[in-house]
Amino acid sequence: LAKQEGGDNYCFFQPLNKPVTIDQLDMASQLRFAVERNELVLHYQPQISLISGEIVGVEALVRWNRPNSGMVPPGVFIPIAEETGLIVGIGEWVLQQAIAQILAWQREGLPPVKVAVNLAANHFHNPLLPGLIDRLLDESGIEPHLLELELTESTMMRNVVRVKQIVDQLKIRGVCLSLDDFGTGHSSLAYLSQFPIDLLKIDRSFVTDVTTNPTNASIVAATVAMTHKLGKNVIAEGVETEAQLAFLRRLHCDQMQGFLFSRPRPAEEIGVMLREGQRWQFKVEEAGQKHL
Ligand code: C2E
Ligand code: MG
Ligand code: MG
Ligand code: MG
């Protein structure tokens with residue numbers, strides 16, 4: 001059967017009939033050792049306050065320096081890590097590394113900066129997670145609110161009762177929670193309003209064409225207004241242009257993240273930005289545009 005696909009596209013079939021390529025199998029077997037062989041690295045992408053223009057947080061984004069392949073982006077290997085269960089070990093490494101970075105910047109005397117970590121559904125639902133976070137917070141002694149955990153709508157909508165218990169446990173510990181890729185999943189607004197989420201992240205797909213697509217412009221405007229009414233903060237992902245920035249400023253979006261400000265960078269480069277107190281200055285809006 002696999003042969004019929006021809007060429008290099010040999011396929012194996014797992015019990016659930018999910019096709020897996022040789023390269024994916026290869027990757028899975030190498031990924032197993034990526035943590036212990038020190039092949040993973042975190043890059044950090046600044047999150048900028050729309051009020052002060054300062055970096056108020058960074059998102060930790062993992063990369064895999066795979067032997068003979070160069071840097072593999074998370075979009076390629078995180079799904080494999082999720083399917084194989086390797087995500088729990090990788091997620092633990094990411095958490096530990098991110099917390100060590102918070103501590104390192106703190107010891108340098110830099111102003112506190114929040115670090116956001118993406119949590120996969122399978123890791124969030126791992127029974128050992130709350131204990132792990134407790135231990136890492138205790139050992140490091142960092143302010144718990146400097147650690148932000150990013151969850152997606154699908155993570156939160158899976159087993160709602162159980163999710164509430166885990167989330168409550170984490171909130172008691174004092175960590176921040178954010179809802180990533182908002183608008184791409186299936187969360188109910190009623191459910192959202194009851195959730196102790198601190199920050200809502202509008203997905204890049206809405207932000208990308210916000211100045212050319214009136215539907216997405218309305219969705220973004222409504223999302224910002226709704227989030228504020230619920231007493232939460234909102235951040236726009238994937239801001240790439242001045243026009244998108246201007247639009248988001250008019251809506252009073254709280255924070256932004258995107259290539260317009262910075263791509264994800266190694267910790268040393270973020271350290272330089274923080275040490276220099278890097279600040280973005282936004283153009284003053286022309287009179288008459290203010291109340292648009
Ligand atoms: P995400 O959490 O939504 O992260 C944002 C992604 O958008 C990042 O891609 C970032 O580089 C990219 N991005 C940010 N600003 C812009 C922009 O202005 N334009 C464009 N075109 N892209 C922008 P990245 O680093 O490739 O990560 C992709 C996804 O992989 C993440 O999406 C997240 O879901 C997952 N991921 C990354 N690191 C981790 C991790 O440590 N653990 C887990 N479980 N997932 C991770
Ligand atoms: Mg994220
Ligand atoms: Mg996102
Ligand atoms: Mg995304």
# chains A, B, ... in the order shown; residues from 1 in each chain; ligands from 1
>>> residues_near_ligand(ligand="ligand 3", cutoff="10 Å", atoms="only C-alpha atoms and all ligand atoms", output="ChimeraX atom specification")
/A:59,118,150-152,178-182,184,200-205,235-238,257
>>> residues_around(residues="Gly109 of chain A", least_positions_apart="4", cutoff="12 Å", atoms="only C-alpha atoms", output="PyMOL selection string")
chain A and resi 102-105+113+271+274-275
>>> select_by_dssp(residues="segment 119-184 of chain A", states="alpha helix (DSSP H)", output="ChimeraX atom specification")
/A:121-124,129-140,153-157,160-173
>>> closest_residue(among="A:Ala81, A:Val56, A:Ala225, A:Leu86", to="Leu110 of chain A", atoms="only C-alpha atoms")
A:Val56
>>> closest_atom_pairs(of="chain A", to="ligand 1", cutoff="8 Å", atoms="only C-alpha atoms and all ligand atoms", output="CSV")
residue,atom,partner,partner_atom_place_in_ligand_line,distance
A:Leu42,CA,ligand 1,41 (O),7.5
A:His43,CA,ligand 1,25 (O),7.8
A:Gln45,CA,ligand 1,14 (C),7.3
A:Glu59,CA,ligand 1,4 (O),7.7
A:Ala60,CA,ligand 1,41 (O),6.4
A:Leu61,CA,ligand 1,38 (N),3.7
A:Val62,CA,ligand 1,38 (N),4.2
A:Arg63,CA,ligand 1,38 (N),7.1
A:Pro73,CA,ligand 1,26 (O),5.3
A:Pro74,CA,ligand 1,30 (O),4.5
A:Gly75,CA,ligand 1,30 (O),4.8
A:Ile78,CA,ligand 1,45 (N),6.0
A:Glu82,CA,ligand 1,44 (N),8.0
A:Ile87,CA,ligand 1,44 (N),6.9
A:Ile90,CA,ligand 1,42 (N),7.5
A:Gly91,CA,ligand 1,42 (N),5.9
A:Val94,CA,ligand 1,41 (O),5.6
A:Val117,CA,ligand 1,41 (O),6.1
A:Asn118,CA,ligand 1,42 (N),4.5
A:Leu119,CA,ligand 1,44 (N),4.5
A:Ala120,CA,ligand 1,44 (N),4.0
A:Ala121,CA,ligand 1,44 (N),7.8
A:His123,CA,ligand 1,44 (N),7.9
A:Glu150,CA,ligand 1,2 (O),7.5
A:Asp180,CA,ligand 1,3 (O),6.2
A:Asp181,CA,ligand 1,3 (O),5.7
A:Asp203,CA,ligand 1,3 (O),7.0
A:Arg204,CA,ligand 1,7 (O),7.2
A:Glu237,CA,ligand 1,15 (N),5.9
A:Gly238,CA,ligand 1,18 (O),3.4
A:Val239,CA,ligand 1,18 (O),4.6
A:Glu240,CA,ligand 1,18 (O),4.6
A:Gln257,CA,ligand 1,15 (N),5.9
A:Gly258,CA,ligand 1,18 (O),3.5
A:Phe259,CA,ligand 1,18 (O),3.8
A:Leu260,CA,ligand 1,18 (O),6.2
A:Ser262,CA,ligand 1,15 (N),7.7
A:Arg263,CA,ligand 1,11 (O),6.3
A:Pro264,CA,ligand 1,11 (O),5.7
>>> atom_distance(atom1="atom CA of Arg162 of chain A", atom2="atom CA of Gly231 of chain A")
24.2 Å
>>> atom_distance(atom1="atom CA of Tyr44 of chain A", atom2="atom CA of Gly57 of chain A")
9.3 Å
>>> closest_residue(among="A:Pro46, A:Leu199, A:Met27, A:Thr223", to="Glu148 of chain A", atoms="only C-alpha atoms")
A:Leu199
>>> closest_residue(among="A:Gln96, A:Asn213, A:Ser52, A:Asn233", to="Gly277 of chain A", atoms="only C-alpha atoms")
A:Ser52
>>> residues_around(residues="Leu170 of chain A", least_positions_apart="6", cutoff="9 Å", atoms="only C-alpha atoms", output="PyMOL selection string")
chain A and resi 130+133-134+176-177
>>> closest_residue(among="A:Lys171, A:Glu268, A:Pro127, A:Arg37", to="Gln101 of chain A", atoms="only C-alpha atoms")
A:Glu268
